[in-house]
$ cat protein-v2.txt   # compact mmCIF, C-alpha atoms (C1' of nucleotides)
# COMPACT_ATOMS: atom_id res chain seq x y z
CA MET U 1 87.36 37.81 10.58
CA GLY U 2 84.94 38.01 7.71
CA TYR U 3 81.84 36.00 7.17
CA ALA U 4 81.58 32.80 5.21
CA CYS U 5 78.52 34.13 3.51
CA ALA U 6 77.84 31.38 1.06
CA ILE U 7 75.63 29.79 3.71
CA ASN U 8 73.35 32.82 3.55
CA LEU U 9 72.61 32.37 -0.11
CA PRO U 10 69.33 30.75 -1.00
CA ARG U 11 69.64 27.18 -2.12
CA GLN U 12 69.50 27.61 -5.81
CA GLN U 13 71.38 26.82 -8.94
CA ALA U 14 74.87 28.23 -8.97
CA MET U 15 74.97 31.17 -11.33
CA PRO U 16 77.79 30.96 -13.80
CA GLU U 17 79.67 34.21 -13.39
CA LEU U 18 82.82 34.91 -15.34
CA PRO U 19 85.04 32.92 -12.95
CA GLU U 20 82.84 29.85 -13.40
CA VAL U 21 83.00 30.19 -17.18
CA GLU U 22 86.77 30.57 -17.12
CA THR U 23 87.07 27.62 -14.77
CA THR U 24 84.91 25.61 -17.14
CA ARG U 25 87.16 26.58 -20.02
CA GLN U 26 90.29 25.57 -18.15
CA GLY U 27 88.70 22.35 -16.94
CA LEU U 28 87.44 21.25 -20.33
CA ALA U 29 90.41 22.22 -22.46
CA PRO U 30 92.86 19.43 -21.56
CA HIS U 31 90.19 16.76 -22.06
CA CYS U 32 88.64 18.16 -25.24
CA ILE U 33 91.42 19.65 -27.32
CA GLY U 34 92.60 17.28 -30.00
CA ARG U 35 89.51 15.13 -29.76
CA ARG U 36 86.95 14.52 -32.44
CA VAL U 37 83.23 15.14 -32.11
CA SER U 38 81.94 11.74 -33.11
CA GLU U 39 78.27 12.36 -32.39
CA VAL U 40 75.95 15.21 -31.48
CA ALA U 41 72.57 14.64 -29.84
CA VAL U 42 70.18 17.57 -29.41
CA HIS U 43 67.51 16.59 -26.90
CA ASN U 44 66.06 20.06 -26.50
CA ALA U 45 66.89 22.77 -29.02
CA ARG U 46 64.84 25.46 -27.29
CA LEU U 47 67.52 27.49 -25.56
CA ARG U 48 67.56 31.28 -25.55
CA TRP U 49 68.00 31.02 -29.27
CA PRO U 50 67.18 27.75 -30.99
CA VAL U 51 70.10 25.40 -31.39
CA PRO U 52 70.70 25.34 -35.19
CA GLU U 53 69.06 22.34 -36.79
CA SER U 54 72.18 21.75 -38.81
CA LEU U 55 74.46 21.69 -35.77
CA ALA U 56 74.91 17.93 -35.66
CA ASP U 57 75.73 17.75 -39.38
CA THR U 58 78.09 20.70 -39.17
CA LEU U 59 79.94 19.56 -36.09
CA THR U 60 80.16 15.80 -36.40
CA GLY U 61 83.63 14.66 -37.33
CA ARG U 62 85.35 17.92 -36.45
CA LEU U 63 88.40 18.20 -34.27
CA ILE U 64 88.37 20.56 -31.30
CA GLN U 65 91.38 22.81 -31.78
CA ARG U 66 91.15 25.15 -28.85
CA ILE U 67 88.73 26.70 -26.36
CA ASP U 68 88.61 30.45 -25.86
CA ARG U 69 86.43 32.64 -23.72
CA ARG U 70 85.01 36.07 -24.55
CA GLY U 71 83.11 37.51 -21.64
CA LYS U 72 80.88 34.66 -20.55
CA TYR U 73 80.84 33.06 -23.98
CA LEU U 74 82.86 29.90 -24.50
CA LEU U 75 84.30 29.51 -27.99
CA LEU U 76 85.22 26.02 -29.16
CA TYR U 77 87.22 26.17 -32.38
CA CYS U 78 86.43 23.10 -34.45
CA GLU U 79 88.27 22.07 -37.59
CA HIS U 80 86.76 20.03 -40.39
CA GLU U 81 89.27 17.30 -41.00
CA ALA U 82 88.53 16.83 -44.67
CA ASN U 83 88.59 20.41 -45.90
CA GLY U 84 90.34 22.24 -43.06
CA HIS U 85 87.42 24.62 -42.55
CA VAL U 86 87.32 26.06 -39.05
CA GLY U 87 84.12 27.16 -37.33
CA VAL U 88 83.28 27.94 -33.74
CA LEU U 89 80.80 26.40 -31.36
CA MET U 90 79.75 29.26 -29.10
CA VAL U 91 78.21 28.34 -25.75
CA HIS U 92 76.73 30.59 -23.10
CA LEU U 93 75.72 29.09 -19.76
CA GLY U 94 73.05 31.67 -19.05
CA MET U 95 71.74 31.60 -15.51
CA SER U 96 71.87 27.93 -14.75
CA GLY U 97 73.94 26.21 -17.41
CA SER U 98 76.91 23.90 -17.04
CA LEU U 99 79.18 21.79 -19.21
CA ARG U 100 80.38 18.50 -17.80
CA LEU U 101 82.40 15.60 -19.07
CA VAL U 102 80.93 12.24 -18.17
CA GLU U 103 81.59 8.66 -19.14
CA PRO U 104 79.61 7.50 -22.16
CA GLY U 105 76.40 5.77 -21.16
CA THR U 106 75.97 7.75 -17.95
CA ASP U 107 72.28 8.31 -17.28
CA ARG U 108 71.16 11.55 -18.83
CA LYS U 109 69.79 13.96 -16.27
CA THR U 110 66.74 16.13 -16.67
CA HIS U 111 67.80 19.29 -18.55
CA ASP U 112 70.83 17.65 -20.17
CA HIS U 113 69.88 19.25 -23.49
CA LEU U 114 72.94 18.59 -25.62
CA VAL U 115 75.33 15.67 -25.71
CA PHE U 116 78.61 15.79 -27.64
CA SER U 117 80.42 12.47 -27.90
CA LEU U 118 84.18 12.91 -28.03
CA SER U 119 86.61 10.30 -29.31
CA ASP U 120 90.32 10.18 -29.99
CA ARG U 121 91.29 11.81 -33.25
CA GLU U 122 92.80 8.58 -34.50
CA ASP U 123 89.54 6.72 -34.08
CA ASP U 124 87.14 6.29 -36.94
CA LEU U 125 83.72 7.78 -36.42
CA ASP U 126 82.18 4.51 -35.33
CA ALA U 127 84.63 4.04 -32.48
CA GLU U 128 83.46 4.18 -28.92
CA PRO U 129 83.57 7.72 -27.54
CA GLN U 130 85.94 8.43 -24.67
CA TRP U 131 83.86 11.16 -23.12
CA GLU U 132 80.51 12.77 -23.40
CA LEU U 133 80.41 16.54 -23.08
CA ARG U 134 76.97 17.42 -21.77
CA TYR U 135 75.28 20.79 -21.77
CA HIS U 136 72.89 21.05 -18.83
CA ASP U 137 70.66 24.10 -18.35
CA PRO U 138 67.40 23.98 -16.35
CA ARG U 139 66.31 27.53 -17.13
CA ARG U 140 67.50 27.48 -20.73
CA PHE U 141 68.78 31.05 -20.62
CA GLY U 142 71.95 29.88 -22.29
CA CYS U 143 72.68 29.30 -25.93
CA CYS U 144 74.65 27.08 -28.25
CA LEU U 145 75.35 28.52 -31.69
CA TRP U 146 77.60 27.91 -34.67
CA LEU U 147 79.79 30.81 -35.80
CA GLU U 148 81.90 31.34 -38.86
CA LEU U 149 85.24 33.09 -38.65
CA PRO U 150 86.06 35.75 -37.78
CA VAL U 151 83.96 35.43 -34.65
CA GLU U 152 84.62 39.03 -33.59
CA GLN U 153 82.20 40.15 -36.29
CA HIS U 154 79.31 38.18 -34.84
CA PRO U 155 76.49 40.45 -33.58
CA LEU U 156 76.69 38.93 -30.09
CA LEU U 157 80.40 39.68 -29.80
CA VAL U 158 81.07 42.73 -31.93
CA SER U 159 80.13 45.42 -29.42
CA LEU U 160 81.40 43.82 -26.22
CA GLY U 161 83.64 45.84 -23.95
CA PRO U 162 87.12 44.76 -22.85
CA GLU U 163 87.90 41.75 -20.69
CA PRO U 164 88.05 42.76 -17.01
CA LEU U 165 91.35 40.91 -16.62
CA SER U 166 92.96 42.61 -19.61
CA GLU U 167 95.07 45.75 -19.59
CA ALA U 168 92.41 47.54 -21.62
CA PHE U 169 90.18 47.55 -18.56
CA ASP U 170 91.48 50.41 -16.47
CA ASP U 171 90.57 53.75 -14.93
CA GLN U 172 91.04 55.62 -18.18
CA HIS U 173 88.63 53.36 -20.01
CA LEU U 174 85.95 53.65 -17.31
CA PHE U 175 86.42 57.37 -16.89
CA ARG U 176 86.17 58.14 -20.60
CA LEU U 177 83.17 55.92 -21.24
CA SER U 178 81.29 57.20 -18.22
CA ARG U 179 81.45 60.93 -19.02
CA GLY U 180 77.98 62.28 -19.61
CA LYS U 181 76.34 59.11 -18.37
CA SER U 182 73.67 59.54 -15.73
CA ALA U 183 73.15 55.82 -15.19
CA PRO U 184 74.01 54.44 -11.73
CA ILE U 185 77.57 53.15 -11.42
CA LYS U 186 76.31 49.63 -10.76
CA SER U 187 74.32 49.56 -14.01
CA PHE U 188 77.31 51.03 -15.82
CA LEU U 189 79.60 48.33 -14.41
CA MET U 190 77.19 45.57 -15.41
CA ASP U 191 76.83 46.89 -18.98
CA SER U 192 78.63 44.46 -21.29
CA HIS U 193 79.47 47.32 -23.63
CA VAL U 194 81.54 48.84 -20.83
CA VAL U 195 83.21 45.67 -19.56
CA VAL U 196 82.25 42.03 -19.98
CA GLY U 197 81.69 39.48 -17.28
CA VAL U 198 80.75 41.63 -14.30
CA GLY U 199 77.47 40.20 -13.08
CA ASN U 200 75.30 41.15 -10.15
CA ILE U 201 77.32 39.40 -7.47
CA TYR U 202 80.65 40.95 -8.38
CA ALA U 203 79.22 44.39 -9.11
CA ASN U 204 77.82 44.47 -5.57
CA GLU U 205 81.04 43.16 -4.05
CA ALA U 206 83.40 45.45 -5.96
CA LEU U 207 81.44 48.58 -5.11
CA PHE U 208 81.41 47.67 -1.44
CA ARG U 209 85.13 47.00 -1.43
CA VAL U 210 85.95 50.47 -2.76
CA GLY U 211 83.21 52.32 -0.86
CA ILE U 212 81.22 53.60 -3.83
CA HIS U 213 77.46 53.89 -3.47
CA PRO U 214 75.84 51.72 -6.20
CA LEU U 215 73.31 54.41 -7.14
CA ARG U 216 75.90 57.13 -7.71
CA GLU U 217 75.92 58.58 -11.23
CA ALA U 218 78.64 56.94 -13.31
CA GLY U 219 79.39 60.25 -15.04
CA GLY U 220 80.18 61.98 -11.77
CA ILE U 221 82.83 59.60 -10.49
CA SER U 222 86.46 60.71 -10.56
CA GLN U 223 89.21 58.94 -12.46
CA ALA U 224 90.95 58.27 -9.16
CA ARG U 225 87.94 56.33 -7.90
CA TYR U 226 87.73 54.46 -11.18
CA LYS U 227 91.32 53.42 -10.71
CA VAL U 228 90.51 51.82 -7.38
CA LEU U 229 87.31 50.32 -8.75
CA SER U 230 88.90 48.73 -11.82
CA ALA U 231 91.61 47.23 -9.62
CA ALA U 232 89.00 45.84 -7.23
CA VAL U 233 86.99 44.22 -10.04
CA ARG U 234 90.15 42.63 -11.38
CA GLU U 235 91.27 41.34 -8.00
CA ILE U 236 87.92 39.89 -7.01
CA LEU U 237 87.46 38.08 -10.32
CA ALA U 238 91.04 36.80 -10.37
CA GLN U 239 90.69 35.49 -6.83
CA ALA U 240 87.44 33.72 -7.64
CA ILE U 241 89.02 32.06 -10.68
CA GLU U 242 91.95 30.97 -8.58
CA ARG U 243 89.79 29.52 -5.84
CA GLY U 244 87.21 28.04 -8.16
CA GLY U 245 89.98 26.46 -10.18
CA THR U 246 91.29 24.75 -7.08
CA THR U 247 88.10 22.85 -6.42
CA LEU U 248 87.15 22.32 -10.05
CA ARG U 249 90.51 21.10 -11.24
CA ASP U 250 89.19 17.61 -11.72
CA PHE U 251 86.52 18.56 -14.17
CA VAL U 252 85.64 15.09 -15.25
CA ASN U 253 82.43 14.16 -13.50
CA GLY U 254 83.28 17.15 -11.38
CA LYS U 255 80.94 18.76 -8.91
CA GLY U 256 82.88 21.65 -7.46
CA GLU U 257 81.54 24.73 -5.82
CA PRO U 258 81.60 27.84 -7.98
CA GLY U 259 84.19 30.51 -7.29
CA TYR U 260 81.95 32.78 -5.31
CA PHE U 261 81.11 29.99 -2.90
CA GLN U 262 84.82 29.83 -2.17
CA GLN U 263 84.97 33.54 -1.59
CA GLU U 264 83.75 35.53 1.33
CA LEU U 265 80.95 37.70 0.04
CA SER U 266 80.65 40.95 1.93
CA VAL U 267 77.28 42.20 0.72
CA TYR U 268 75.64 39.92 -1.85
CA GLY U 269 72.92 37.88 -0.17
CA ARG U 270 73.43 39.70 3.14
CA ALA U 271 70.68 42.35 3.14
CA GLY U 272 69.79 43.36 6.71
CA GLU U 273 72.88 41.72 8.16
CA PRO U 274 75.64 43.80 9.72
CA CYS U 275 78.25 45.44 7.52
CA VAL U 276 81.53 43.55 7.93
CA ARG U 277 83.29 46.90 8.30
CA CYS U 278 81.01 49.10 10.44
CA ASN U 279 78.25 46.76 11.68
CA LYS U 280 75.41 48.88 10.31
CA PRO U 281 72.70 46.66 8.77
CA LEU U 282 73.14 46.41 5.00
CA THR U 283 70.58 48.10 2.76
CA GLU U 284 68.90 46.41 -0.21
CA VAL U 285 67.31 48.21 -3.14
CA ARG U 286 66.08 47.09 -6.56
CA LEU U 287 67.99 48.41 -9.51
CA SER U 288 66.63 47.29 -12.87
CA ALA U 289 64.98 44.45 -10.96
CA ARG U 290 68.37 43.35 -9.62
CA SER U 291 69.08 42.92 -5.94
CA THR U 292 71.47 45.66 -4.92
CA VAL U 293 72.99 45.41 -1.46
CA PHE U 294 75.26 48.00 0.10
CA CYS U 295 76.28 49.73 3.30
CA ALA U 296 74.73 53.20 3.45
CA ARG U 297 77.50 54.29 5.82
CA CYS U 298 80.59 52.87 4.11
CA GLN U 299 79.53 53.47 0.51
CA ARG U 300 79.23 57.04 -0.67
C1' DA I 1 71.86 58.65 -27.75
C1' DC I 2 70.78 57.14 -23.56
C1' DC I 3 68.30 54.76 -20.09
C1' DC I 4 65.00 51.69 -18.28
C1' DC I 5 61.99 47.92 -18.76
C1' DT I 6 60.60 43.45 -20.52
C1' DA I 7 60.96 38.77 -22.03
C1' DC I 8 62.90 34.46 -21.78
C1' DC I 9 62.64 30.10 -18.03
C1' DT I 10 62.46 26.81 -14.06
C1' DG I 11 63.59 25.74 -9.26
C1' DC I 12 63.21 27.02 -4.82
C1' DT I 13 60.85 29.10 -0.87
C1' DA I 14 57.38 31.39 1.82
C1' DG I 15 52.76 31.67 2.85
C1' DC I 16 48.26 30.06 2.90
C1' DT V 1 50.60 18.32 2.99
C1' DG V 2 49.85 20.53 -1.23
C1' DC V 3 49.16 24.31 -3.87
C1' DT V 4 50.55 28.87 -5.67
C1' DA V 5 52.68 33.30 -5.99
C1' DG V 6 56.91 35.58 -5.86
C1' DC V 7 61.65 35.79 -6.62
C1' DA V 8 66.20 34.90 -8.63
C1' DG V 9 69.03 36.91 -12.76
C1' DG V 10 72.36 37.40 -17.97
C1' DT V 11 71.42 39.51 -21.88
C1' DA V 12 69.31 41.41 -26.15
C1' DG V 13 66.07 44.19 -27.86
C1' DG V 14 62.29 47.50 -27.70
C1' DG V 15 59.99 51.63 -25.99
C1' DG V 16 60.15 56.18 -24.06
$ encode --input "protein-v2.txt" --output "structure tokens"
Amino acid sequence: MGYACAINLPRQQAMPELPEVETTRQGLAPHCIGRRVSEVAVHNARLRWPVPESLADTLTGRLIQRIDRRGKYLLLYCEHEANGHVGVLMVHLGMSGSLRLVEPGTDRKTHDHLVFSLSDREDDLDAEPQWELRYHDPRRFGCCLWLELPVEQHPLLVSLGPEPLSEAFDDQHLFRLSRGKSAPIKSFLMDSHVVVGVGNIYANEALFRVGIHPLREAGGISQARYKVLSAAVREILAQAIERGGTTLRDFVNGKGEPGYFQQELSVYGRAGEPCVRCNKPLTEVRLSARSTVFCARCQR
DNA sequence: ACCCCTACCTGCTAGC
DNA sequence: TGCTAGCAGGTAGGGG
């Protein structure tokens, strides 16, 4: 049997990978859609980019229409009730961010930087909120911005690669984009212009699963190997979403474990420990200052 | 054009 | 016990 490797990870903030962001989207949607933002409190605007000073004015009174995800960006479509104008609240959770729904009046924790009070759409603006949506982010690597439609034209979104769970992400895409590239396959896989949402954990795991050495040149990998690799990325992410969704279903006041804690990690966080396949101690190298763990025997 | 490095930031841990 | 240095990493943007 495999290892339950979550216990080997250092005790630190859970990194929001794509499965966590998708789980957040799915958890928030049923409680937020159709509600009105009755109040916005910005306690600390100094995120990766400053929270716009006008955010509270812009957002207050709007109805949340729907919540989308693009890569690790959450997109909350918000309609102005009076004039029908639709804009988008774009949230990134960075390294340590989270969005939680809590009951109004709940003590605000350290690093709860933004508080959105949500009320029923029938209520007037002075009515008691039903929920508070709180943005929490100790390291403040995340962001919270206001976008005008169409959001695809926004500089942060315009050059993103395909979604890893979409049909556009396949062997042909990876093979074509990689030709002539000398960058290591792991760097290539983590490049958001190539595919969005593949962070360090899943890049390590996917490469181990398909037996590709993380330092191998992306441009020298065959289309056949890219077929296996794209399938592995898709499967691992889908499984993490499924498992994360199970524990995070109750998102209100929720404190679930992120998807990768529910998943057996074969290499990430296991440097020096035996390979789950061949028992050889796993190797760790730095690649662009990122921990890169692999089996020097199984991955070629 | 491509690739690599840096900056941003705080919490945790190891080592003194 | 208390301090500090080192490490963790998503992402955009700059330098080579």
$ closest_atom_pairs --input "protein-v2.txt" --of "chain V" --to "chain U" --cutoff "12 Å" --atoms "all atoms listed in the file" --output "JSON lines"
{"residue": "V:DC7", "atom": "C1'", "partner": "U:Ala289", "partner_atom": "CA", "distance": 10.2}
{"residue": "V:DA8", "atom": "C1'", "partner": "U:Gln12", "partner_atom": "CA", "distance": 8.5}
{"residue": "V:DG9", "atom": "C1'", "partner": "U:Met95", "partner_atom": "CA", "distance": 6.6}
{"residue": "V:DG10", "atom": "C1'", "partner": "U:Gly94", "partner_atom": "CA", "distance": 5.9}
{"residue": "V:DT11", "atom": "C1'", "partner": "U:Gly94", "partner_atom": "CA", "distance": 8.5}
{"residue": "V:DA12", "atom": "C1'", "partner": "U:Leu156", "partner_atom": "CA", "distance": 8.7}
$ closest_residue --input "protein-v2.txt" --among "U:Ala271, U:Val276, U:Leu133, U:Ala183" --to "chain I" --atoms "only C-alpha atoms (C1' of nucleotides)"
U:Ala183
$ closest_atom_pairs --input "protein-v2.txt" --of "chain I" --to "chain U" --cutoff "7 Å" --atoms "all atoms listed in the file" --output "Markdown table"
| residue | atom | partner | partner_atom | distance |
| --- | --- | --- | --- | --- |
| I:DC3 | C1' | U:Ala183 | CA | 7.0 |
| I:DC8 | C1' | U:Arg48 | CA | 6.8 |
| I:DC9 | C1' | U:Arg139 | CA | 4.6 |
| I:DT10 | C1' | U:Arg139 | CA | 5.0 |
| I:DC12 | C1' | U:Gln12 | CA | 6.4 |
$ write_last_selection --input "protein-v2.txt" --atoms "C-alpha atoms (C1' of nucleotides)" --output "mmCIF file, in the frame of the given file"
data_model
loop_
_atom_site.group_PDB
_atom_site.id
_atom_site.type_symbol
_atom_site.label_atom_id
_atom_site.label_comp_id
_atom_site.auth_asym_id
_atom_site.auth_seq_id
_atom_site.Cartn_x
_atom_site.Cartn_y
_atom_site.Cartn_z
ATOM 1 C "C1'" DC I 3 68.300 54.760 -20.090
ATOM 2 C "C1'" DC I 8 62.900 34.460 -21.780
ATOM 3 C "C1'" DC I 9 62.640 30.100 -18.030
ATOM 4 C "C1'" DT I 10 62.460 26.810 -14.060
ATOM 5 C "C1'" DC I 12 63.210 27.020 -4.820
#
$ atom_distance --input "protein-v2.txt" --atom1 "CA of Leu114 in chain U" --atom2 "CA of Leu76 in chain U"
14.8 Å
$ atom_distance --input "protein-v2.txt" --atom1 "CA of Val196 in chain U" --atom2 "CA of Leu18 in chain U"
8.5 Å
$ atom_distance --input "protein-v2.txt" --atom1 "CA of Val210 in chain U" --atom2 "CA of Thr23 in chain U"
25.8 Å
$ residues_near_point --input "protein-v2.txt" --point "(61.8, 43.8, -26.3)" --cutoff "9 Å" --atoms "only C-alpha atoms (C1' of nucleotides)" --output "list in words"
DC5, DT6 and DA7 of chain I; DA12, DG13, DG14 and DG15 of chain V
$ build_atoms --input "protein-v2.txt" --residues "range 223-247 of chain U" --atoms "N, CA and C atoms" --output "compact mmCIF listing (two decimals), in the coordinates of the input"
# COMPACT_ATOMS: atom_id res chain seq x y z
N GLN U 223 88.32 59.96 -11.90
CA GLN U 223 89.21 58.94 -12.46
C GLN U 223 89.97 58.21 -11.35
N ALA U 224 90.25 58.91 -10.28
CA ALA U 224 90.95 58.27 -9.16
C ALA U 224 90.11 57.14 -8.56
N ARG U 225 88.81 57.38 -8.45
CA ARG U 225 87.94 56.33 -7.90
C ARG U 225 87.80 55.18 -8.88
N TYR U 226 87.79 55.52 -10.17
CA TYR U 226 87.73 54.46 -11.18
C TYR U 226 88.99 53.61 -11.18
N LYS U 227 90.08 54.19 -10.79
CA LYS U 227 91.32 53.42 -10.71
C LYS U 227 91.20 52.35 -9.63
N VAL U 228 90.68 52.76 -8.48
CA VAL U 228 90.51 51.82 -7.38
C VAL U 228 89.46 50.76 -7.74
N LEU U 229 88.40 51.23 -8.40
CA LEU U 229 87.31 50.32 -8.75
C LEU U 229 87.76 49.27 -9.77
N SER U 230 88.47 49.70 -10.81
CA SER U 230 88.90 48.73 -11.82
C SER U 230 89.84 47.70 -11.20
N ALA U 231 90.69 48.17 -10.29
CA ALA U 231 91.61 47.23 -9.62
C ALA U 231 90.84 46.24 -8.76
N ALA U 232 89.78 46.72 -8.10
CA ALA U 232 89.00 45.84 -7.23
C ALA U 232 88.27 44.77 -8.05
N VAL U 233 87.68 45.17 -9.17
CA VAL U 233 86.99 44.22 -10.04
C VAL U 233 87.97 43.13 -10.49
N ARG U 234 89.14 43.58 -10.91
CA ARG U 234 90.15 42.63 -11.38
C ARG U 234 90.55 41.66 -10.28
N GLU U 235 90.81 42.19 -9.10
CA GLU U 235 91.27 41.34 -8.00
C GLU U 235 90.22 40.33 -7.58
N ILE U 236 88.99 40.78 -7.47
CA ILE U 236 87.92 39.89 -7.01
C ILE U 236 87.69 38.76 -8.01
N LEU U 237 87.68 39.11 -9.30
CA LEU U 237 87.46 38.08 -10.32
C LEU U 237 88.64 37.11 -10.37
N ALA U 238 89.85 37.66 -10.30
CA ALA U 238 91.04 36.80 -10.37
C ALA U 238 91.07 35.83 -9.19
N GLN U 239 90.70 36.33 -8.03
CA GLN U 239 90.69 35.49 -6.83
C GLN U 239 89.65 34.38 -6.94
N ALA U 240 88.49 34.72 -7.49
CA ALA U 240 87.44 33.72 -7.64
C ALA U 240 87.85 32.64 -8.64
N ILE U 241 88.54 33.04 -9.70
CA ILE U 241 89.02 32.06 -10.68
C ILE U 241 90.03 31.14 -10.03
N GLU U 242 90.92 31.75 -9.25
CA GLU U 242 91.95 30.97 -8.58
C GLU U 242 91.33 29.94 -7.62
N ARG U 243 90.39 30.40 -6.84
CA ARG U 243 89.79 29.52 -5.84
C ARG U 243 88.86 28.50 -6.48
N GLY U 244 88.09 28.97 -7.47
CA GLY U 244 87.21 28.04 -8.16
C GLY U 244 88.02 26.97 -8.88
N GLY U 245 89.13 27.40 -9.45
CA GLY U 245 89.98 26.46 -10.18
C GLY U 245 90.55 25.40 -9.28
N THR U 246 90.74 25.73 -8.02
CA THR U 246 91.29 24.75 -7.08
C THR U 246 90.33 23.59 -6.87
N THR U 247 89.06 23.92 -6.71
CA THR U 247 88.10 22.85 -6.42
C THR U 247 87.60 22.17 -7.69
